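Data from target.cif: mmCIF, C-alpha atoms and all ligand atoms
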data_work
loop_
_atom_site.label_atom_id
_atom_site.label_comp_id
_atom_site.auth_asym_id
_atom_site.auth_seq_id
_atom_site.Cartn_x
_atom_site.Cartn_y
_atom_site.Cartn_z
CA MET A 1 -42.27 -38.37 -29.45
CA LYS A 2 -45.06 -39.08 -27.01
CA ILE A 3 -46.75 -35.92 -25.80
CA PHE A 4 -49.80 -35.68 -23.57
CA HIS A 5 -51.59 -32.85 -21.84
CA ILE A 6 -52.17 -32.21 -18.17
CA PRO A 7 -55.19 -29.91 -17.74
CA ALA A 8 -54.75 -27.02 -15.32
CA PHE A 9 -56.87 -24.09 -14.20
CA ALA A 10 -59.84 -23.31 -16.47
CA ASP A 11 -58.27 -23.83 -19.88
CA ASN A 12 -54.50 -24.34 -19.59
CA TYR A 13 -52.64 -27.36 -20.90
CA ILE A 14 -49.34 -28.36 -19.32
CA TRP A 15 -47.75 -30.33 -22.17
CA SER A 16 -45.71 -33.36 -21.12
CA ILE A 17 -43.10 -35.12 -23.20
CA GLU A 18 -42.84 -38.71 -22.06
CA LYS A 19 -39.99 -41.15 -22.55
CA GLU A 20 -39.13 -44.32 -20.65
CA GLY A 21 -40.95 -43.45 -17.44
CA LYS A 22 -39.85 -39.84 -17.39
CA ILE A 23 -41.59 -36.65 -18.39
CA SER A 24 -40.50 -33.12 -19.12
CA VAL A 25 -43.23 -30.52 -18.80
CA VAL A 26 -43.88 -27.20 -20.50
CA ASP A 27 -45.25 -24.24 -18.51
CA PRO A 28 -46.29 -25.96 -15.27
CA GLY A 29 -48.46 -23.24 -13.78
CA ASP A 30 -49.96 -25.69 -11.31
CA ALA A 31 -47.57 -28.01 -9.44
CA LYS A 32 -50.35 -30.15 -8.00
CA ALA A 33 -51.69 -31.12 -11.43
CA VAL A 34 -48.23 -32.35 -12.41
CA LEU A 35 -47.53 -34.07 -9.07
CA ASN A 36 -50.80 -36.01 -9.38
CA VAL A 37 -49.79 -37.31 -12.80
CA LEU A 38 -46.31 -38.25 -11.58
CA GLU A 39 -47.83 -40.26 -8.76
CA ASN A 40 -50.77 -41.82 -10.58
CA GLN A 41 -48.78 -42.85 -13.63
CA ASN A 42 -45.59 -43.68 -11.79
CA LEU A 43 -43.52 -41.21 -13.77
CA SER A 44 -40.54 -39.10 -12.74
CA LEU A 45 -39.98 -35.48 -13.67
CA GLU A 46 -36.92 -34.69 -15.77
CA ASP A 47 -36.93 -31.08 -17.01
CA ILE A 48 -39.20 -28.02 -17.06
CA LEU A 49 -39.52 -25.75 -20.08
CA VAL A 50 -40.94 -22.26 -19.57
CA THR A 51 -42.16 -19.93 -22.34
CA HIS A 52 -42.78 -16.70 -20.40
CA HIS A 53 -43.18 -15.19 -16.97
CA HIS A 54 -46.97 -15.26 -16.51
CA TYR A 55 -47.98 -17.02 -13.32
CA ASP A 56 -50.24 -19.58 -15.00
CA HIS A 57 -47.09 -20.84 -16.75
CA THR A 58 -44.57 -20.57 -13.89
CA GLY A 59 -46.53 -21.02 -10.65
CA GLY A 60 -45.52 -24.66 -10.19
CA ILE A 61 -41.78 -24.34 -10.82
CA ASN A 62 -40.50 -24.02 -7.25
CA GLU A 63 -42.63 -26.85 -5.91
CA LEU A 64 -41.70 -29.14 -8.80
CA LYS A 65 -37.99 -28.38 -8.45
CA LYS A 66 -38.09 -30.36 -5.21
CA VAL A 67 -38.88 -33.56 -7.09
CA MET A 68 -37.30 -33.02 -10.49
CA GLN A 69 -34.00 -34.41 -11.68
CA GLY A 70 -32.98 -32.13 -14.52
CA LYS A 71 -33.09 -28.43 -15.20
CA VAL A 72 -35.50 -25.57 -15.70
CA TYR A 73 -35.07 -24.02 -19.15
CA GLY A 74 -36.67 -20.67 -19.76
CA PRO A 75 -36.42 -17.04 -20.84
CA ASP A 76 -33.53 -14.81 -19.84
CA ASN A 77 -35.68 -13.00 -17.30
CA LEU A 78 -34.56 -12.71 -13.68
CA ALA A 79 -38.16 -12.07 -12.65
CA ILE A 80 -38.86 -15.78 -13.11
CA GLU A 81 -37.73 -17.64 -10.03
CA GLY A 82 -36.07 -20.99 -10.57
CA ILE A 83 -34.72 -20.79 -14.13
CA ASP A 84 -31.47 -22.80 -14.37
CA VAL A 85 -30.69 -22.23 -18.04
CA ALA A 86 -31.59 -18.83 -19.51
CA LEU A 87 -32.20 -19.11 -23.24
CA LYS A 88 -31.89 -16.77 -26.20
CA GLU A 89 -32.71 -16.98 -29.91
CA ASN A 90 -31.26 -20.09 -31.59
CA ASP A 91 -29.98 -21.61 -28.33
CA GLN A 92 -30.29 -25.38 -28.30
CA PHE A 93 -30.76 -27.85 -25.48
CA THR A 94 -31.76 -31.46 -25.09
CA THR A 95 -34.51 -32.90 -22.94
CA LEU A 96 -35.18 -36.64 -22.77
CA GLY A 97 -32.86 -37.02 -25.77
CA TYR A 98 -34.82 -34.59 -27.97
CA GLU A 99 -33.06 -31.49 -29.21
CA PHE A 100 -35.00 -28.24 -29.05
CA SER A 101 -34.07 -24.86 -30.42
CA VAL A 102 -35.28 -21.57 -29.07
CA ILE A 103 -37.28 -19.06 -31.09
CA GLU A 104 -37.72 -15.66 -29.47
CA THR A 105 -41.38 -14.71 -29.88
CA PRO A 106 -41.97 -11.41 -28.04
CA GLY A 107 -45.30 -9.60 -28.12
CA HIS A 108 -47.63 -11.25 -25.59
CA THR A 109 -44.75 -10.60 -23.17
CA LEU A 110 -41.27 -9.29 -23.94
CA ASP A 111 -39.57 -12.41 -22.58
CA HIS A 112 -41.68 -14.92 -24.52
CA ILE A 113 -39.81 -17.78 -26.21
CA SER A 114 -41.04 -20.83 -28.11
CA PHE A 115 -39.47 -24.28 -28.32
CA HIS A 116 -39.04 -26.10 -31.62
CA CYS A 117 -37.93 -29.71 -32.06
CA HIS A 118 -36.87 -29.90 -35.69
CA GLU A 119 -36.36 -33.65 -35.71
CA LYS A 120 -39.89 -34.40 -34.50
CA ASN A 121 -41.63 -31.35 -36.00
CA VAL A 122 -42.96 -30.18 -32.66
CA LEU A 123 -43.53 -26.60 -31.51
CA PHE A 124 -44.41 -25.43 -28.01
CA CYS A 125 -45.50 -21.83 -28.50
CA GLY A 126 -47.00 -20.88 -25.11
CA ASP A 127 -49.29 -17.86 -25.45
CA THR A 128 -47.87 -16.52 -28.73
CA LEU A 129 -49.75 -18.62 -31.28
CA PHE A 130 -53.11 -20.15 -30.41
CA SER A 131 -55.11 -22.33 -32.72
CA GLY A 132 -57.14 -19.87 -34.74
CA GLY A 133 -55.70 -16.91 -32.87
CA CYS A 134 -52.80 -15.37 -31.01
CA GLY A 135 -51.94 -14.05 -27.56
CA ARG A 136 -53.01 -10.67 -26.31
CA LEU A 137 -50.44 -7.89 -26.21
CA PHE A 138 -49.45 -7.34 -22.61
CA GLU A 139 -45.93 -5.97 -23.03
CA GLY A 140 -44.78 -5.90 -26.63
CA THR A 141 -45.81 -3.96 -29.70
CA TYR A 142 -48.12 -5.06 -32.50
CA GLN A 143 -45.09 -5.16 -34.80
CA GLN A 144 -43.24 -7.48 -32.39
CA LEU A 145 -46.11 -9.94 -32.16
CA PHE A 146 -46.65 -9.75 -35.93
CA ASN A 147 -42.96 -10.57 -36.50
CA SER A 148 -43.07 -13.41 -33.95
CA LEU A 149 -46.06 -15.02 -35.67
CA GLN A 150 -44.41 -14.61 -39.06
CA LYS A 151 -41.41 -16.53 -37.71
CA LEU A 152 -43.68 -19.37 -36.60
CA VAL A 153 -45.66 -19.52 -39.86
CA GLY A 154 -42.32 -20.05 -41.62
CA LEU A 155 -41.84 -23.42 -39.90
CA PRO A 156 -42.56 -26.57 -41.94
CA ASN A 157 -46.25 -27.24 -42.63
CA ASP A 158 -46.22 -30.54 -40.76
CA THR A 159 -45.00 -28.91 -37.53
CA LYS A 160 -47.36 -29.89 -34.73
CA VAL A 161 -48.44 -26.85 -32.74
CA TYR A 162 -48.90 -27.17 -28.98
CA CYS A 163 -50.39 -23.99 -27.47
CA THR A 164 -51.03 -23.44 -23.78
CA HIS A 165 -54.74 -22.62 -23.87
CA GLU A 166 -57.93 -24.16 -25.23
CA TYR A 167 -59.09 -21.01 -27.01
CA THR A 168 -59.65 -22.58 -30.43
CA LEU A 169 -63.45 -22.45 -30.61
CA ALA A 170 -63.69 -18.88 -29.34
CA ASN A 171 -61.04 -17.87 -31.88
CA LEU A 172 -62.94 -19.53 -34.71
CA VAL A 173 -66.19 -17.85 -33.72
CA PHE A 174 -64.34 -14.54 -34.06
CA ALA A 175 -62.71 -15.57 -37.36
CA GLU A 176 -66.07 -16.57 -38.86
CA GLN A 177 -67.40 -13.12 -38.07
CA GLN A 178 -64.48 -11.49 -39.91
CA ILE A 179 -64.41 -13.59 -43.06
CA SER A 180 -66.66 -15.92 -44.99
CA ASP A 181 -64.49 -18.97 -45.52
CA GLN A 182 -65.48 -22.60 -45.92
CA GLU A 183 -62.26 -24.01 -44.44
CA ILE A 184 -62.71 -21.98 -41.26
CA SER A 185 -66.39 -22.95 -40.94
CA ASN A 186 -65.66 -26.64 -41.51
CA TYR A 187 -62.81 -26.62 -39.04
CA LYS A 188 -65.02 -24.90 -36.45
CA LYS A 189 -67.56 -27.71 -36.81
CA ASN A 190 -64.79 -30.29 -36.32
CA VAL A 191 -63.56 -28.54 -33.19
CA GLU A 192 -67.08 -28.29 -31.78
CA ALA A 193 -67.58 -32.01 -32.34
CA LYS A 194 -64.28 -32.84 -30.61
CA LEU A 195 -65.03 -30.63 -27.61
CA ASN A 196 -68.53 -32.10 -27.32
CA LYS A 197 -66.96 -35.56 -27.10
CA GLY A 198 -64.68 -34.37 -24.32
CA GLU A 199 -61.62 -34.30 -26.58
CA ILE A 200 -59.30 -31.34 -26.96
CA SER A 201 -58.63 -29.30 -30.09
CA LEU A 202 -54.84 -29.53 -29.91
CA PRO A 203 -52.26 -30.06 -31.22
CA SER A 204 -52.84 -28.14 -34.37
CA SER A 205 -50.28 -27.81 -37.17
CA ILE A 206 -48.74 -24.97 -39.13
CA GLU A 207 -50.60 -26.25 -42.20
CA ILE A 208 -53.96 -26.07 -40.39
CA GLU A 209 -53.19 -22.67 -38.90
CA LYS A 210 -52.39 -21.23 -42.33
CA LYS A 211 -55.93 -22.17 -43.33
CA ILE A 212 -57.85 -21.07 -40.22
CA ASN A 213 -55.80 -18.45 -38.37
CA LEU A 214 -56.36 -14.91 -39.62
CA PHE A 215 -53.49 -13.60 -37.46
CA LEU A 216 -50.99 -15.40 -39.68
CA MET A 217 -52.09 -13.15 -42.56
CA GLN A 218 -52.53 -15.94 -45.09
CA LYS A 219 -56.20 -14.99 -45.45
CA ILE A 220 -57.22 -11.36 -45.11
CA PRO A 221 -60.82 -10.21 -44.50
CA ASN A 222 -62.13 -8.15 -47.42
CA ASP A 223 -62.41 -4.93 -45.45
CA LEU A 224 -58.72 -5.11 -44.42
CA LYS A 225 -57.23 -5.95 -47.81
CA HIS A 226 -56.29 -2.34 -48.55
CA LEU A 227 -53.97 -2.27 -45.50
CA LEU A 228 -50.38 -3.43 -45.15
CA PRO A 229 -50.17 -6.85 -43.44
CA GLU A 230 -48.84 -5.25 -40.24
CA GLU A 231 -51.71 -2.77 -40.15
CA SER A 232 -54.25 -5.44 -40.91
CA PHE A 233 -52.82 -7.53 -38.07
CA LYS A 234 -53.08 -4.63 -35.63
CA GLU A 235 -56.69 -3.96 -36.62
CA LEU A 236 -57.59 -7.64 -36.20
CA ARG A 237 -55.94 -7.83 -32.79
CA ILE A 238 -57.84 -4.74 -31.64
CA ARG A 239 -61.12 -6.21 -32.95
CA LYS A 240 -60.43 -9.47 -31.10
CA ASP A 241 -59.67 -7.58 -27.87
CA ASN A 242 -63.08 -5.95 -28.12
CA PHE A 243 -64.93 -9.06 -29.29
FE FE A 301 -49.45 -15.51 -20.81
#

Translate this structure into structure tokens?
Ligand SMILES: [Fe+2]
Amino acid sequence: MKIFHIPAFADNYIWSIEKEGKISVVDPGDAKAVLNVLENQNLSLEDILVTHHHYDHTGGINELKKVMQGKVYGPDNLAIEGIDVALKENDQFTTLGYEFSVIETPGHTLDHISFHCHEKNVLFCGDTLFSGGCGRLFEGTYQQLFNSLQKLVGLPNDTKVYCTHEYTLANLVFAEQQISDQEISNYKKNVEAKLNKGEISLPSSIEIEKKINLFLMQKIPNDLKHLLPEESFKELRIRKDNF
């Protein structure tokens, strides 16, 4: 599966699945960024996949619907204009011949869903799981976001993780402050080197995230080890909010 990113706003990535001159895009917050790619690379737009209702993920839908050929797949949330197929847990759909299943991942927002292609080991997780971190809680509870991340960490290790934002380095700076861990420090150096070369830090993988992402609860800072995983998660999320 060929996947490339279209940069948008300050640090968003609109992920594009490409096949035979067509692309399907995930979370097109900015129509113009996508339209430019369609024109410059002579591609046509097939489908749109939407993870949640925030404007930086949905802002381009209506404009892009004028040029697209397929459907807009997204959460079962009437507040999002332009959704053609409203999706729930375990629903499946096909875009460009690739079958995706839906994983409900509430927490960042209540309507948040993630898209998993089992055959190609690909996950589009919007603002739920970031490399080295996770989304802020805007609507859900700590327990909901904890459960959502536990669902994602249960996917196969070789699952490639495509998040919507380039937050990796900032997340690793926070992680390093919470825990002394060689894998996290080494990975942070790698990410810094990539960013300095003008490359991006994504995709990540579930295997990498298990090693570097404290919010997946595979590595617990010493001062949180006496807590239940859910409590430790909540404390970490609060610390990150205030970081
Ligand atoms: Fe968001």

Can you tell me which residues surround Asp91 of chain A at a distance of at most 10 Å, considering all atoms listed in the file, apart from same-chain residues fewer than 5 positions away, and format the answer as a list in words?
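Answer for this query is Ala86, Phe100, Ser101, Val102, Ile103, Glu104 and Phe115 of chain A.
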
Any chance you could tabulate, as CSV, the residues of chain A at most 12 Å from ligand FE 301 (chain A) with each one's nearest atom pair and distance in Å to one decimal, using all atoms listed in the file, in chain and rising number order?
residue,atom,partner,partner_atom,distance
A:Asn12,CA,A:FE301,FE,10.2
A:Asp27,CA,A:FE301,FE,10.0
A:Gly29,CA,A:FE301,FE,10.5
A:Val50,CA,A:FE301,FE,10.9
A:Thr51,CA,A:FE301,FE,8.7
A:His52,CA,A:FE301,FE,6.8
A:His53,CA,A:FE301,FE,7.4
A:His54,CA,A:FE301,FE,5.0
A:Tyr55,CA,A:FE301,FE,7.8
A:Asp56,CA,A:FE301,FE,7.1
A:His57,CA,A:FE301,FE,7.1
A:Thr58,CA,A:FE301,FE,9.9
A:Gly59,CA,A:FE301,FE,11.9
A:Pro106,CA,A:FE301,FE,11.2
A:Gly107,CA,A:FE301,FE,10.3
A:His108,CA,A:FE301,FE,6.7
A:Thr109,CA,A:FE301,FE,7.2
A:Leu110,CA,A:FE301,FE,10.7
A:Asp111,CA,A:FE301,FE,10.5
A:His112,CA,A:FE301,FE,8.6
A:Ile113,CA,A:FE301,FE,11.3
A:Cys125,CA,A:FE301,FE,10.7
A:Gly126,CA,A:FE301,FE,7.3
A:Asp127,CA,A:FE301,FE,5.2
A:Thr128,CA,A:FE301,FE,8.1
A:Leu129,CA,A:FE301,FE,10.9
A:Phe130,CA,A:FE301,FE,11.3
A:Cys134,CA,A:FE301,FE,10.7
A:Gly135,CA,A:FE301,FE,7.3
A:Arg136,CA,A:FE301,FE,8.1
A:Leu137,CA,A:FE301,FE,9.4
A:Phe138,CA,A:FE301,FE,8.4
A:Glu139,CA,A:FE301,FE,10.4
A:Cys163,CA,A:FE301,FE,10.8
A:Thr164,CA,A:FE301,FE,8.6
A:His165,CA,A:FE301,FE,9.4

Hey, can you spit out that residue selection with C-alpha atoms as a PDB file, in the frame of the given file?
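Writing the result to selection10.pdb gives the following:
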ATOM      1  CA  ASN A  12     -54.500 -24.340 -19.590  1.00  0.00           C
ATOM      2  CA  ASP A  27     -45.250 -24.240 -18.510  1.00  0.00           C
ATOM      3  CA  GLY A  29     -48.460 -23.240 -13.780  1.00  0.00           C
ATOM      4  CA  VAL A  50     -40.940 -22.260 -19.570  1.00  0.00           C
ATOM      5  CA  THR A  51     -42.160 -19.930 -22.340  1.00  0.00           C
ATOM      6  CA  HIS A  52     -42.780 -16.700 -20.400  1.00  0.00           C
ATOM      7  CA  HIS A  53     -43.180 -15.190 -16.970  1.00  0.00           C
ATOM      8  CA  HIS A  54     -46.970 -15.260 -16.510  1.00  0.00           C
ATOM      9  CA  TYR A  55     -47.980 -17.020 -13.320  1.00  0.00           C
ATOM     10  CA  ASP A  56     -50.240 -19.580 -15.000  1.00  0.00           C
ATOM     11  CA  HIS A  57     -47.090 -20.840 -16.750  1.00  0.00           C
ATOM     12  CA  THR A  58     -44.570 -20.570 -13.890  1.00  0.00           C
ATOM     13  CA  GLY A  59     -46.530 -21.020 -10.650  1.00  0.00           C
ATOM     14  CA  PRO A 106     -41.970 -11.410 -28.040  1.00  0.00           C
ATOM     15  CA  GLY A 107     -45.300  -9.600 -28.120  1.00  0.00           C
ATOM     16  CA  HIS A 108     -47.630 -11.250 -25.590  1.00  0.00           C
ATOM     17  CA  THR A 109     -44.750 -10.600 -23.170  1.00  0.00           C
ATOM     18  CA  LEU A 110     -41.270  -9.290 -23.940  1.00  0.00           C
ATOM     19  CA  ASP A 111     -39.570 -12.410 -22.580  1.00  0.00           C
ATOM     20  CA  HIS A 112     -41.680 -14.920 -24.520  1.00  0.00           C
ATOM     21  CA  ILE A 113     -39.810 -17.780 -26.210  1.00  0.00           C
ATOM     22  CA  CYS A 125     -45.500 -21.830 -28.500  1.00  0.00           C
ATOM     23  CA  GLY A 126     -47.000 -20.880 -25.110  1.00  0.00           C
ATOM     24  CA  ASP A 127     -49.290 -17.860 -25.450  1.00  0.00           C
ATOM     25  CA  THR A 128     -47.870 -16.520 -28.730  1.00  0.00           C
ATOM     26  CA  LEU A 129     -49.750 -18.620 -31.280  1.00  0.00           C
ATOM     27  CA  PHE A 130     -53.110 -20.150 -30.410  1.00  0.00           C
ATOM     28  CA  CYS A 134     -52.800 -15.370 -31.010  1.00  0.00           C
ATOM     29  CA  GLY A 135     -51.940 -14.050 -27.560  1.00  0.00           C
ATOM     30  CA  ARG A 136     -53.010 -10.670 -26.310  1.00  0.00           C
ATOM     31  CA  LEU A 137     -50.440  -7.890 -26.210  1.00  0.00           C
ATOM     32  CA  PHE A 138     -49.450  -7.340 -22.610  1.00  0.00           C
ATOM     33  CA  GLU A 139     -45.930  -5.970 -23.030  1.00  0.00           C
ATOM     34  CA  CYS A 163     -50.390 -23.990 -27.470  1.00  0.00           C
ATOM     35  CA  THR A 164     -51.030 -23.440 -23.780  1.00  0.00           C
ATOM     36  CA  HIS A 165     -54.740 -22.620 -23.870  1.00  0.00           C
TER      37      HIS A 165
END

In Å, how far is it from atom CA of Gly133 of chain A to atom CA of Asp76 of chain A?
25.8 Å

Find the spatial neighbours of Glu20 of chain A, counting all atoms listed in the file, within a cut-off of 10 Å - ignore same-chain residues fewer than 5 positions away - and output them as a list in words.
Leu43, Ser44 and Leu96 of chain A

Under the rule that all atoms listed in the file are counted, which of A:Leu195, A:Ile80, A:Ile208, A:Leu214 is the nearest residue to Phe146 of chain A?
A:Leu214

Given the choices A:Leu152, A:Glu209, A:Gln143, A:Val161, which gets closest to Pro229 of chain A if the distance is worked out from all atoms listed in the file?
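Between A:Leu152, A:Glu209, A:Gln143, A:Val161, the residue approaching Pro229 of chain A most closely is A:Gln143.
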
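A straight line drawn from atom CA of Lys19 of chain A to atom CA of Lys32 of chain A is 21.0 Å long.
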
Smallest atom-to-atom distance to Ser114 of chain A: which of A:Thr94, A:Asn186, A:Gln177, A:Ser148, using only C-alpha atoms?
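Ranked by minimum distance to Ser114 of chain A, first place goes to A:Ser148.
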
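Atom CA of Thr105 of chain A to atom CA of Val26 of chain A spans 15.8 Å [interatomic distance, one decimal].
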
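Shortest atom-to-atom contact with Gly154 of chain A among A:Glu81, A:Ile206, A:Met217, A:Ile23: A:Ile206, counting all atoms listed in the file.
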
Quick one: of A:Leu224, A:Ile179, A:Leu169, A:Ala79, who's nearest to Ala193 of chain A, counting all atoms listed in the file?
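Using all atoms listed in the file, the shortest distance to Ala193 of chain A belongs to A:Leu169.
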
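Each of A:Val153, A:Ile238, A:Leu45, A:Leu87 was checked against Asn213 of chain A using all atoms listed in the file; the smallest atom-to-atom distance is that of A:Val153.
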
Write out as JSON an axis-aligned box for segment 52-60 of chain A: all of its atoms listed in the file, 3 Å added on each side, centre and edge lengths in Å with one decimal.
{"center_x": -46.5, "center_y": -19.9, "center_z": -15.3, "size_x": 13.5, "size_y": 15.5, "size_z": 16.2}

I'd like the neighbourhood of Leu35 of chain A as number ranges by chain, where a residue qualifies if any of its atoms comes within 10 Å (using only C-alpha atoms), though same-chain residues fewer than 5 positions away should be ignored.
A: 30, 40-41, 43-45, 60, 63-64, 67
